[in-house]
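First comes the structure, then the notes that go with it.
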Amino acid sequence: MKKIHNALSFFSGLFIILGLIACNKKYSGKNTIETVKYNNNTTTYSPVEFDSVQARNYITGLKLQELYDLAAHYAAGNKDSDIDFTLYHQIQEYFDKPDSSKINSFINELDSLKARFVKINAISTFKEIHTKKDTLDFAKYRMDYYDGGKKYAGYLNKQVQYILKEVPVKEKKFKREFKFYFVDFKNPISQKDSVSLGKTK
């Protein structure tokens with residue numbers, strides 16, 4: 001009985017310590033107005049840059065981080081200044097169809113969480129076949145968020161659909177180039193009607 005009590009005491013103490021460490025975790029990124037002013041969605045990619053799961057994960061993570069940095073600043077503002085107008089325009093550039101309801105829903109989530117800093121982690125891209133001619137690209141990720149004092153506040157597991165759209169080729173060495181856009185953000189759900197593919201090629 002004493003051994004069980006000691007073991008329970010040990011694990012309780014361990015959970016408390018881990019909880020304190022998590023609560024004291026601080027945001028260490030570089031999200032300032034000066035850095036986000038360079039966030040835009042003008043980069044194009046060749047098919048070679050998307051030829052592996054690791055490459056897709058990296059690019060998707062980069063785009064997510066850029067977008068969340070912009071949105072966190074916009075959510076923290078008054079939403080009526082020249083800077084806010086510029087930030088909102090930059091946010092729109094990341095969406096395939098800049099539908100204000102989708103964009104506002106995305107921003108409102110950060111606002112409701114009082115998330116002023118965000119760190120994107122655990123990216124995992126995958127494809128889903130919905131019909132013979134319709135294959136959709138998705139990514140699952142963890143959104144760690146922090147308050148205005150850069151103190152860790154929590155996390156959400158999220159899912160986003162993205163699309164690559166062919167654009168006119170800038171460099172003659174590539175026959176095709178693509179721009180990356182987000183379609184819709186949501187919490188991960190299981191889709192019984194779809195078939196998940198293991199490889200992202």
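Just so we're on the same page: first chain in the structure tokens is A, next is B, and so on; residues restart at 1 for each chain, and ligands are numbered from 1 in the order they show up.
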Contacts of range 38-63 of chain A with range 116-125 of chain A up to 10 Å, shortest pair per row, only C-alpha atoms, as a tab-separated table:
residue	atom	partner	partner_atom	distance
A:Val53	CA	A:Thr125	CA	7.0
A:Gln54	CA	A:Thr125	CA	8.8
A:Ala55	CA	A:Thr125	CA	9.8
A:Arg56	CA	A:Thr125	CA	6.8
A:Asn57	CA	A:Ile123	CA	5.8
A:Tyr58	CA	A:Ile123	CA	7.9
A:Ile59	CA	A:Ile123	CA	9.9
A:Thr60	CA	A:Ile123	CA	7.7
A:Gly61	CA	A:Ile123	CA	6.3
A:Leu62	CA	A:Ile120	CA	8.6
A:Lys63	CA	A:Ile120	CA	9.9
(message) Using Å and a single decimal, report how far CA of Tyr94 in chain A sits from CA of Gln161 in chain A.
(response) 12.1 Å
Neighbours of Tyr68 in chain A within 10 Å (only C-alpha atoms; same-chain residues fewer than 2 positions away dropped), as a short mmCIF file (atom, residue, chain, number, x, y, z; two decimals) with N, CA and C atoms, in the first residue's frame?
data_model
loop_
_atom_site.label_atom_id
_atom_site.label_comp_id
_atom_site.auth_asym_id
_atom_site.auth_seq_id
_atom_site.Cartn_x
_atom_site.Cartn_y
_atom_site.Cartn_z
N ASN A 31 7.51 37.72 -34.27
CA ASN A 31 6.29 38.26 -34.86
C ASN A 31 6.09 39.71 -34.41
N VAL A 36 6.04 41.19 -40.09
CA VAL A 36 4.89 40.74 -40.87
C VAL A 36 4.62 41.61 -42.09
N LYS A 63 3.74 28.79 -44.84
CA LYS A 63 2.59 29.61 -45.24
C LYS A 63 1.62 29.80 -44.07
N LEU A 64 1.39 28.73 -43.29
CA LEU A 64 0.54 28.85 -42.12
C LEU A 64 1.09 29.86 -41.12
N GLN A 65 2.39 29.77 -40.87
CA GLN A 65 3.01 30.68 -39.90
C GLN A 65 2.90 32.12 -40.36
N GLU A 66 3.15 32.37 -41.64
CA GLU A 66 3.03 33.73 -42.18
C GLU A 66 1.61 34.26 -42.00
N LEU A 70 0.17 37.39 -39.41
CA LEU A 70 -0.62 38.53 -39.89
C LEU A 70 -1.94 38.62 -39.12
N ALA A 71 -2.64 37.48 -39.01
CA ALA A 71 -3.96 37.47 -38.39
C ALA A 71 -3.90 37.82 -36.90
N ALA A 72 -2.85 37.38 -36.21
CA ALA A 72 -2.71 37.70 -34.78
C ALA A 72 -2.57 39.20 -34.59
N HIS A 73 -1.81 39.85 -35.46
CA HIS A 73 -1.67 41.31 -35.37
C HIS A 73 -2.98 42.01 -35.69
N TYR A 74 -3.67 41.51 -36.70
CA TYR A 74 -4.95 42.12 -37.06
C TYR A 74 -5.96 41.95 -35.92
N ILE A 91 -3.75 39.32 -45.62
CA ILE A 91 -4.40 38.06 -45.24
C ILE A 91 -5.21 37.52 -46.42
N PHE A 106 -11.80 32.94 -39.39
CA PHE A 106 -10.41 32.60 -39.07
C PHE A 106 -9.83 33.60 -38.05
N ILE A 107 -10.06 34.88 -38.28
CA ILE A 107 -9.55 35.93 -37.39
C ILE A 107 -10.29 35.91 -36.06
N LEU A 110 -8.97 33.56 -33.38
CA LEU A 110 -7.81 34.09 -32.65
C LEU A 110 -8.24 35.15 -31.64
N ALA A 115 -5.51 35.22 -28.61
CA ALA A 115 -4.21 34.75 -29.10
C ALA A 115 -3.50 35.89 -29.81
N ARG A 116 -2.39 36.33 -29.26
CA ARG A 116 -1.64 37.45 -29.84
C ARG A 116 -0.34 37.00 -30.50
N PHE A 117 0.03 35.76 -30.21
CA PHE A 117 1.19 35.14 -30.86
C PHE A 117 0.84 33.68 -31.10
N VAL A 118 1.29 33.14 -32.23
CA VAL A 118 0.96 31.77 -32.61
C VAL A 118 2.21 31.07 -33.12
N LYS A 119 2.33 29.81 -32.77
CA LYS A 119 3.42 28.97 -33.28
C LYS A 119 2.80 27.72 -33.89
N ILE A 120 3.15 27.44 -35.15
CA ILE A 120 2.61 26.28 -35.87
C ILE A 120 3.55 25.10 -35.69
N MET A 143 -1.84 24.31 -33.45
CA MET A 143 -1.67 25.75 -33.30
C MET A 143 -1.46 26.06 -31.82
#
(message) Considering only strand (DSSP E or B) as DSSP defines it on the backbone, what residues of range 2-152 of chain A qualify? List them as a PyMOL selection string.
(response) chain A and resi 26+44-45+95+117-131+134-146+151-152
(request) Go ahead and compute the interatomic distance for CA of Glu166 in chain A and CA of Asn39 in chain A, in Å to one decimal. (result) 20.9 Å
